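Colleague: To start, I am sharing the structure in question, which I have written as structure tokens.
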2 protein chains.
Amino acid sequence: MDGIESRDDARTKSGDAGNVKTLSILGATGSIGTNTLDVVARHPGSFDVVALTAQSNVEKLAELAKLHQARLAVIGDEKRLEDLKHRLVGTGIEAAAGKQAIVTAASEPVDCVMASIVGAAGLAPTFAAGAHAKRVALANKECLVTAGDAFMAHIAQHSCELLPVDSEHSGVFQALAATNPECIEQITLTASGGPFRTWSRDEMAAATVDQALNHPNWSMGAKITIDSATMMNKGLELIEAYHLFPVEPDQLNCVIHPQSIVHCLVSFRDGSTLAQMACPDMRTPICYALGWPKRLEAPTQRLDVTALSSMTFESADEARFPALALARQALVAGGTAPAILNAANEIAVAAFLNSQIRFAEIADLVGWTLEQADTLGLITAASSLKDVLGVDREARMLSVSRLNRGT
Amino acid sequence: MDGIESRDDARTKSGDAGNVKTLSILGATGSIGTNTLDVVARHPGSFDVVALTAQSNVEKLAELAKLHQARLAVIGDEKRLEDLKHRLVGTGIEAAAGKQAIVTAASEPVDCVMASIVGAAGLAPTFAAGAHAKRVALANKECLVTAGDAFMAHIAQHSCELLPVDSEHSGVFQALAATNPECIEQITLTASGGPFRTWSRDEMAAATVDQALNHPNWSMGAKITIDSATMMNKGLELIEAYHLFPVEPDQLNCVIHPQSIVHCLVSFRDGSTLAQMACPDMRTPICYALGWPKRLEAPTQRLDVTALSSMTFESADEARFPALALARQALVAGGTAPAILNAANEIAVAAFLNSQIRFAEIADLVGWTLEQADTLGLITAASSLKDVLGVDREARMLSVSRLNRGT
């Protein structure tokens with residue numbers, strides 16, 4: 001049958017490789033980075049680690065670089081360069097530090113870059129990877145959220161393969177394989193609903209940082225965990241999906257699915273829907289992004305089909321989760337609006353984590369910033385990385401000014 | 001991104017065609033046949049109907065041939081040829097009758113043959129289609145169940161595309177697109193459980209024909225509806241799946257899913273599972289089989305994602321549904337065993353529909369025939385169509401002899 005190789009073509013399950021892939025990881029000490037290195041360790045002989053970067057955790061960076069015999073380790077915080085060098089003495093691993101050194105590391109011409117730096121800080125390194133790597137496995141949301149048009153054009157210009165690592169987008173990518181884009185009717189991303197799924201607006205308004213960080217299903221960094229609590233995370237993912245897949249905003253939905261088993265549902269014009277499922281473990285989408293079009297063996301828990309009976313799906317309540325509505329507004333507005341949304345949200349989440357504002361004020365600050373930016377004419381079609389970085393800066397200043405005035 | 005066409009490549013949603021496909025339908029008056037012609041009518045200019053065949057419903061055959069401007073109409077029952085000719089007077093549509101005429105019609109060199117003749121009667125015409133059509137959309141189970149090895153070799157020899165129409169296998173085909181076969185861990189087909197899902201063995205033993213024909217989800221022919229009640233249908237589908245997809249018998253499962261929304265789940269070695277879903281309507285897999293790799297617009301009810309909360313999944317109980325265990329035994333035994341299983345089951349279901357035997361005796365007769373065939377040395381590796389037809393005949397004689405002796 002077309003599209004299905006004969007049994008004789010199948011390789012043995014062990015030793016997926018044959019040829020070794022060179023791999024760099026931007027944000028190696030974070031959740032995605034360490035999961036990626038777990039996958040690498042389980043496929044000996046499949047990957048050759050070139051560069052590992054981290055912002056500040058010099059101890060873990062040095063440990064990982066030694067364990068995986070990286071050629072280069074880069075720490076973002078320049079003050080920690082001497083510490084890094086000291087830890088790498090005698091290993092032959094090159095050490096470097098600073099923002100520009102991370103961009104240089106990202107520019108190594110490798111087979112694959114795992115782009116997992118959190119936040120707008122990931123923009124320049126991920127663009128650099130897109131220009132020099134054969135494949136970017138994308139775990140940084142902000143490239144697509146803030147500079148989606150520019151990033152997609154950049155990737156195309158350099159003939160770089162882009163594989164999403166977000167579990168939802170990985171699922172959509174899998175469901176779309178070999179399907180023509182005009183056949184898509186709807187893409188639905190699922191959301192766990194986070195820790196406040198069943199909370200009232202008033203309860204949420206008084207939520208503490210610890211409560212917001214207590215995600216029911218996923219163990220992730222603080223920023224994304226708060227975004228999950230506000231559901232801004234799902235809003236950002238809708239914006240990402242718009243850039244990754246050939247759909248219009250009104251073809252993108254989200255649905256609350258507290259079990260986080262189904263990650264997406266892609267519906268086609270013949271009435272068929274493909275749903276991608278997996279137990280919540282980032283190593284599954286990481287394996288997919290690293291191995292595509294093959295699938296690497298992952299040491300994850302397998303689905304128990306009879307246990308799927310307990311799955312539930314609810315509409316997302318934008319009244320209780322206004323961040324979702326704000327993200328959708330920014331998606332529809334397009335241009336620089338998502339970058340402004342993202343910048344304001346980063347400021348707001350940091351302020352919440354520092355106990356400067358209450359939980360409900362995160363969305364308030366983002367909404368206020370979008371309004372102000374609109375009034376000031378900052379929402380434009382400009383979409384180069386430089387334009388985006390300029391708007392990002394202005395939006396942050398706006399948000400910070402509001403914070404400093406008190407709420 | 002690789003595998004995803006740019007937006008500019010997308011065609012408009014209406015007018016899927018561009019080029020007209022020639023299409024013949026074997027079994028045009030049955031459930032699959034009429035659904036196929038419904039799809040054809042909804043895509044004017046996309047299909048040119050060449051031949052339509054039916055076994056005995058001459059009135060409907062003539063009506064459909066005129067409506068769809070077929071070139072040729074063939075009735076299996078030779079006594080009805082004059083009636084057919086009379087009904088087609090002045091239309092220019094050629095009329096023919098008899099088994100050989102159906103094989104001749106199936107041999108027309110068209111773009112696609114919908115092979116939807118029920119039972120072993122579909123073997124010769126479907127093999128003929130496999131030798132002359134560019135694509136066979138396969139809705140006849142018996143080609144794969146009774147002569148799977150020979151049919152797959154035949155299809156490959158003639159470079160014919162084979163697209164499954166069973167909703168479950170269509171789903172697996174969709175989920176496998178662009179995935180290497182060595183990546184598959186498990187294929188799970190869902191079963192509605194039929195009308196007797198919750199009945200005890202004793203209740204089932206006394207079930208009437210009307211009760212067995214009262215399928216909760218699908219409107220299908222009598223034979224397949226009874227097979228659904230015994231769950232032999234799912235057993236036959238596991239045998240089909242073995243031939244269609246590159247898996248071993250122990251990688252094939254079924255699970256009871258009374259809502260018939262999820263049709264299959266395909267699990268890969270990275271922990272990811274793709275599930276194909278659709279409201280129960282055969283026009284969805286028919287559209288897929290006709291349009292692949294494009295997807296034709298189908299006028300089917302769309303899934304309501306929030307309604308998926310009520311989905312349930314249960315293990316299949318082979319003690320209450322012994323036909324399922326018998327089919328699995330035949331699958332593992334291989335060779336002619338599935339052909340014997342199928343022949344005995346056809347005899348048994350016909351006897352049940354004629355009120356000759358009780359519901360529970362369907363599986364008894366199939367099990368008895370398999371045992372006798374084993375004793376007589378009929379279970380062999382022989383797998384040519386000729387061998388299969390010989391074994392099919394002998395198994396039927398065995399079953400009938402048992403019936404005539406009374407049970």
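Residue numbering restarts at 1 for every chain of the structure tokens, chains are lettered A, B, ... in their displayed order, and ligands are numbered from 1 as they appear.
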As a CSV table (one decimal) with C-alpha atoms, in the first residue's frame, please: all residues of segment 276-340 of chain A that backbone DSSP puts in strand (DSSP E or B).

Modeller:
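Output contents, as saved in states-v1.csv:
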chain,number,residue,atom,x,y,z
A,276,GLN,CA,-3.5,12.7,19.4
A,277,MET,CA,-3.2,11.2,22.9
A,314,GLU,CA,-15.7,21.1,28.8
A,315,SER,CA,-16.0,24.4,27.1

Colleague: Only residues of chain A matter here; which ones have an atom within 6 Å of chain B, counting only C-alpha atoms? Give them as a ChimeraX atom specification.

Modeller: /A:10,161,177-178,182-183,269-278,284,295-298,300,302,306,309,311-314

Colleague: For Leu144 of chain B, which of B:Gln356, B:Thr336, B:Ser401, B:Gln186 is the closest residue, counting only C-alpha atoms?

Modeller: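 Closest candidate: B:Thr336.
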
Colleague: Just the residues within 12 Å of Gly334 of chain B, please, counting only C-alpha atoms, with nothing from its chain fewer than 2 positions along; format it as JSON, numbers by chain.

Modeller: {"B": [144, 145, 146, 147, 148, 149, 239, 240, 242, 243, 248, 249, 327, 328, 329, 330, 331, 332, 336, 337, 338, 339, 340, 341, 378, 379, 380, 381, 382, 383]}
